[in-house]
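Visitor: What follows is the file work24.cif, containing mmCIF, C-alpha atoms:
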data_target
#
loop_
_atom_site.group_PDB
_atom_site.id
_atom_site.type_symbol
_atom_site.label_atom_id
_atom_site.label_comp_id
_atom_site.auth_asym_id
_atom_site.auth_seq_id
_atom_site.Cartn_x
_atom_site.Cartn_y
_atom_site.Cartn_z
ATOM 1 C CA MET A 111 -10.111 -10.988 -4.985
ATOM 2 C CA THR A 112 -8.858 -7.404 -5.324
ATOM 3 C CA VAL A 113 -6.428 -6.038 -2.737
ATOM 4 C CA PHE A 114 -4.877 -2.603 -2.414
ATOM 5 C CA VAL A 115 -1.107 -2.555 -1.746
ATOM 6 C CA ASP A 116 0.339 0.116 0.553
ATOM 7 C CA THR A 117 3.922 1.325 0.972
ATOM 8 C CA SER A 118 4.117 -0.186 4.466
ATOM 9 C CA ALA A 119 3.645 -3.696 3.044
ATOM 10 C CA VAL A 120 6.269 -3.273 0.322
ATOM 11 C CA PHE A 121 8.769 -1.885 2.818
ATOM 12 C CA ALA A 122 8.122 -4.820 5.160
ATOM 13 C CA LEU A 123 8.746 -7.201 2.248
ATOM 14 C CA ALA A 124 11.981 -5.480 1.269
ATOM 15 C CA ASP A 125 13.579 -5.054 4.687
ATOM 16 C CA VAL A 126 14.512 -8.405 6.238
ATOM 17 C CA ALA A 127 15.233 -6.601 9.522
ATOM 18 C CA GLU A 128 11.708 -5.126 9.625
ATOM 19 C CA ALA A 129 9.507 -6.567 12.390
ATOM 20 C CA HIS A 130 6.736 -7.480 9.929
ATOM 21 C CA ASN A 131 8.972 -9.056 7.267
ATOM 22 C CA ALA A 132 7.878 -12.676 7.830
ATOM 23 C CA ASP A 133 4.180 -11.729 7.972
ATOM 24 C CA ALA A 134 4.567 -9.622 4.833
ATOM 25 C CA ALA A 135 6.304 -12.441 2.956
ATOM 26 C CA ALA A 136 3.614 -14.953 3.928
ATOM 27 C CA ALA A 137 0.806 -12.567 2.959
ATOM 28 C CA TRP A 138 2.504 -11.715 -0.357
ATOM 29 C CA GLN A 139 2.895 -15.404 -1.240
ATOM 30 C CA TYR A 140 -0.748 -16.031 -0.354
ATOM 31 C CA LEU A 141 -1.954 -13.096 -2.482
ATOM 32 C CA ILE A 142 0.156 -14.159 -5.468
ATOM 33 C CA SER A 143 -0.877 -17.828 -5.222
ATOM 34 C CA ALA A 144 -4.540 -16.832 -4.855
ATOM 35 C CA GLY A 145 -4.298 -14.770 -8.047
ATOM 36 C CA ALA A 146 -5.337 -11.561 -6.316
ATOM 37 C CA LEU A 147 -5.596 -8.410 -8.408
ATOM 38 C CA LEU A 148 -3.138 -6.078 -6.670
ATOM 39 C CA VAL A 149 -3.942 -2.377 -7.000
ATOM 40 C CA THR A 150 -2.038 0.680 -5.854
ATOM 41 C CA THR A 151 -1.684 4.351 -6.791
ATOM 42 C CA SER A 152 1.049 6.321 -8.480
ATOM 43 C CA TYR A 153 1.449 8.222 -5.187
ATOM 44 C CA VAL A 154 2.180 4.938 -3.385
ATOM 45 C CA VAL A 155 4.716 4.010 -6.080
ATOM 46 C CA VAL A 156 6.540 7.331 -5.624
ATOM 47 C CA GLU A 157 6.421 7.077 -1.818
ATOM 48 C CA THR A 158 7.633 3.468 -1.915
ATOM 49 C CA CYS A 159 10.571 4.195 -4.221
ATOM 50 C CA ALA A 160 11.641 7.162 -2.113
ATOM 51 C CA LEU A 161 11.404 5.202 1.154
ATOM 52 C CA LEU A 162 13.240 2.163 -0.197
ATOM 53 C CA GLN A 163 16.003 4.235 -1.738
ATOM 54 C CA ARG A 164 16.449 6.408 1.358
ATOM 55 C CA ARG A 165 16.396 3.618 3.936
ATOM 56 C CA LEU A 166 17.669 0.552 2.065
ATOM 57 C CA GLY A 167 19.456 1.929 -0.990
ATOM 58 C CA LEU A 168 18.973 1.876 -4.725
ATOM 59 C CA ARG A 169 19.218 -1.926 -4.793
ATOM 60 C CA ALA A 170 15.912 -2.150 -2.890
ATOM 61 C CA ALA A 171 14.276 0.282 -5.322
ATOM 62 C CA ARG A 172 15.507 -1.903 -8.191
ATOM 63 C CA MET A 173 14.040 -4.991 -6.507
ATOM 64 C CA PHE A 174 10.688 -3.205 -6.175
ATOM 65 C CA ASP A 175 10.784 -2.189 -9.834
ATOM 66 C CA ALA A 176 11.692 -5.686 -11.038
ATOM 67 C CA LYS A 177 9.687 -7.966 -8.747
ATOM 68 C CA ILE A 178 6.746 -6.118 -7.197
ATOM 69 C CA TYR A 179 5.827 -3.229 -9.486
ATOM 70 C CA PRO A 180 5.079 -5.507 -12.486
ATOM 71 C CA ARG A 181 2.414 -7.316 -10.419
ATOM 72 C CA LEU A 182 0.577 -4.085 -9.562
ATOM 73 C CA ARG A 183 -2.227 -2.352 -11.403
ATOM 74 C CA VAL A 184 -1.478 1.326 -10.841
ATOM 75 C CA GLU A 185 -4.258 3.903 -10.585
ATOM 76 C CA TRP A 186 -2.630 7.116 -11.759
ATOM 77 C CA THR A 187 -3.415 9.967 -9.428
ATOM 78 C CA ASP A 188 -4.965 13.024 -11.011
ATOM 79 C CA ALA A 189 -7.396 15.683 -9.838
ATOM 80 C CA GLN A 190 -10.263 13.181 -9.481
ATOM 81 C CA TYR A 191 -8.344 11.474 -6.659
ATOM 82 C CA HIS A 192 -6.065 14.217 -5.375
ATOM 83 C CA GLU A 193 -8.697 16.885 -4.665
ATOM 84 C CA PRO A 194 -11.075 14.785 -2.520
ATOM 85 C CA ALA A 195 -8.069 13.274 -0.741
ATOM 86 C CA MET A 196 -6.789 16.735 0.163
ATOM 87 C CA ARG A 197 -10.219 17.600 1.569
ATOM 88 C CA ILE A 198 -10.182 14.409 3.670
ATOM 89 C CA LEU A 199 -6.658 15.139 4.926
ATOM 90 C CA LEU A 200 -7.562 18.647 6.017
ATOM 91 C CA ALA A 201 -10.947 17.643 7.471
ATOM 92 C CA LEU A 202 -9.469 14.826 9.576
ATOM 93 C CA ASN A 203 -6.852 17.266 10.900
ATOM 94 C CA ARG A 204 -4.358 14.580 11.960
ATOM 95 C CA GLU A 205 -0.644 15.311 11.847
ATOM 96 C CA LYS A 206 0.498 11.736 11.116
ATOM 97 C CA LEU A 207 -2.032 10.978 8.380
ATOM 98 C CA SER A 208 -0.520 11.439 4.909
ATOM 99 C CA LEU A 209 -1.980 12.695 1.660
ATOM 100 C CA VAL A 210 -0.777 9.436 0.095
ATOM 101 C CA ASP A 211 -2.977 7.461 2.512
ATOM 102 C CA CYS A 212 -5.949 9.740 1.852
ATOM 103 C CA VAL A 213 -5.569 9.241 -1.911
ATOM 104 C CA SER A 214 -5.478 5.490 -1.224
ATOM 105 C CA PHE A 215 -8.750 5.735 0.732
ATOM 106 C CA VAL A 216 -10.439 7.624 -2.106
ATOM 107 C CA VAL A 217 -9.235 5.163 -4.749
ATOM 108 C CA MET A 218 -10.249 2.142 -2.684
ATOM 109 C CA ARG A 219 -13.732 3.513 -2.081
ATOM 110 C CA ARG A 220 -14.271 4.519 -5.709
ATOM 111 C CA LEU A 221 -13.115 1.119 -6.957
ATOM 112 C CA GLY A 222 -14.992 -0.813 -4.267
ATOM 113 C CA ILE A 223 -11.813 -2.313 -2.782
ATOM 114 C CA THR A 224 -12.301 -3.352 0.839
ATOM 115 C CA SER A 225 -9.021 -5.184 1.574
ATOM 116 C CA VAL A 226 -5.546 -3.712 1.876
ATOM 117 C CA PHE A 227 -2.132 -5.318 2.261
ATOM 118 C CA CYS A 228 -0.495 -3.015 4.781
ATOM 119 C CA PHE A 229 0.948 -2.446 8.229
ATOM 120 C CA ASP A 230 -0.659 0.964 8.716
ATOM 121 C CA ASP A 231 -3.472 1.395 11.254
ATOM 122 C CA HIS A 232 -4.951 4.324 9.318
ATOM 123 C CA PHE A 233 -6.550 1.852 6.910
ATOM 124 C CA ARG A 234 -8.163 -0.136 9.713
ATOM 125 C CA GLU A 235 -9.399 3.129 11.259
ATOM 126 C CA GLN A 236 -11.078 3.925 7.922
ATOM 127 C CA GLY A 237 -12.925 0.593 8.010
ATOM 128 C CA PHE A 238 -10.852 -1.429 5.542
ATOM 129 C CA ASP A 239 -9.937 -5.094 6.049
ATOM 130 C CA VAL A 240 -6.202 -5.296 6.670
ATOM 131 C CA ILE A 241 -4.037 -8.153 5.368
ATOM 132 C CA PRO A 242 -2.387 -9.649 7.273
ATOM 133 C CA GLY A 243 -4.953 -8.937 9.937
ATOM 134 C CA ALA A 244 -5.809 -12.493 10.803
ATOM 135 C CA PRO A 245 -4.073 -15.808 10.179
ATOM 136 C CA LEU A 246 -4.072 -16.681 6.506
ATOM 137 C CA PRO A 247 -5.813 -19.890 5.388
#
Can you present the structure in this file as structure tokens?
Guide:
Amino acid sequence: MTVFVDTSAVFALADVAEAHNADAAAAWQYLISAGALLVTTSYVVVETCALLQRRLGLRAARMFDAKIYPRLRVEWTDAQYHEPAMRILLALNREKLSLVDCVSFVVMRRLGITSVFCFDDHFREQGFDVIPGAPLP
């Protein structure tokens, strides 16, 4: 099983006060125990580090670097991902949709990834299966 990992899931894991923390922790444990291949992009890594550091402090960024980042296969964003993502962002013309999400959509489609660990409705709107979206087995 291959699953894309979004910033929203990592933030939910890191912030015990976050509404989705318990769901994120359960989903993370399930994905790890199931041996899922966890994929993300370099843009998500940058966004995640910035968000964690800004909202939770450098300690949270260190936790991400030590405990989560090593489990991720990172697709490094270059022109092959950035340019089509920028076209999608501008074509969809939605203020709250980010370039980072659009790069994620492009990567997921190119790699044939249909499931995403996230708490971001933009992925569901794009037709991806969201984890946790239903009770885990």
Visitor: What is the distance between CA of Glu185 (chain A) and CA of Glu157 (chain A), in Å to one decimal?
Guide: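 Going from CA of Glu185 (chain A) over to CA of Glu157 (chain A), I get 14.2 Å.
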Visitor: Which residues are close to Asp116 (chain A), i.e. within 8 Å by all atoms listed in the file, leaving aside same-chain residues fewer than 6 positions away? Reply as a ChimeraX atom specification.
Guide: /A:150,154,226-228
Visitor: Residue by residue, what does the PyMOL selection byres ((chain A and resi 140) around 12) grab here? Present the result as a PyMOL selection string.
Guide: chain A and resi 111+113+133-139+141-146+227+241-242+245-247
Visitor: Identify which of the residues A:Ala119, A:Leu147, A:Arg181, A:Phe114 lies closest to Val217 (chain A), counting all atoms listed in the file when measuring atom-to-atom distances.
Guide: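 Of the candidates, the smallest distance to Val217 (chain A) is held by A:Phe114.
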Visitor: Which neighbours of Arg219 (chain A) fall inside 12 Å, counting all atoms listed in the file, when residues of the same chain fewer than 3 positions from it are skipped, and could you give them as a list in words?
Guide: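 Counting all atoms listed in the file, the residues come to Phe114, Tyr191, Pro194, Ala195, Cys212, Val213, Ser214, Phe215, Val216, Gly222, Ile223, Thr224, Ser225, Val226, Phe233, Gln236, Gly237 and Phe238 of chain A.
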Visitor: Counting all atoms listed in the file, find residues at most 6 Å from (12.7, -1.1, 2.6) (file frame) and give them as a list of chain:residue names.
Guide: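 Residues close enough to count: A:Phe121, A:Ala124, A:Asp125, A:Leu162, A:Leu166.
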Visitor: Those same residues - C-alpha atoms - I'd like them written as a PDB file, in the frame of the given file.
Guide:
ATOM      1  CA  PHE A 121       8.769  -1.885   2.818  1.00  0.00           C
ATOM      2  CA  ALA A 124      11.981  -5.480   1.269  1.00  0.00           C
ATOM      3  CA  ASP A 125      13.579  -5.054   4.687  1.00  0.00           C
ATOM      4  CA  LEU A 162      13.240   2.163  -0.197  1.00  0.00           C
ATOM      5  CA  LEU A 166      17.669   0.552   2.065  1.00  0.00           C
TER       6      LEU A 166
END
Visitor: Please compute the CA of Ile178 (chain A)-CA of Ala127 (chain A) distance, one decimal, in Å.
Guide: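 Between CA of Ile178 (chain A) and CA of Ala127 (chain A) the gap is 18.8 Å.
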Visitor: For Ser152 (chain A), which of A:Glu205, A:Asp231, A:Asp188, A:Asp239 is the closest residue, counting all atoms listed in the file?
Guide: A:Asp188
Visitor: Would you mind reading off the distance between CA of Asn203 (chain A) and CA of Thr187 (chain A), one decimal, in Å?
Guide: 21.9 Å
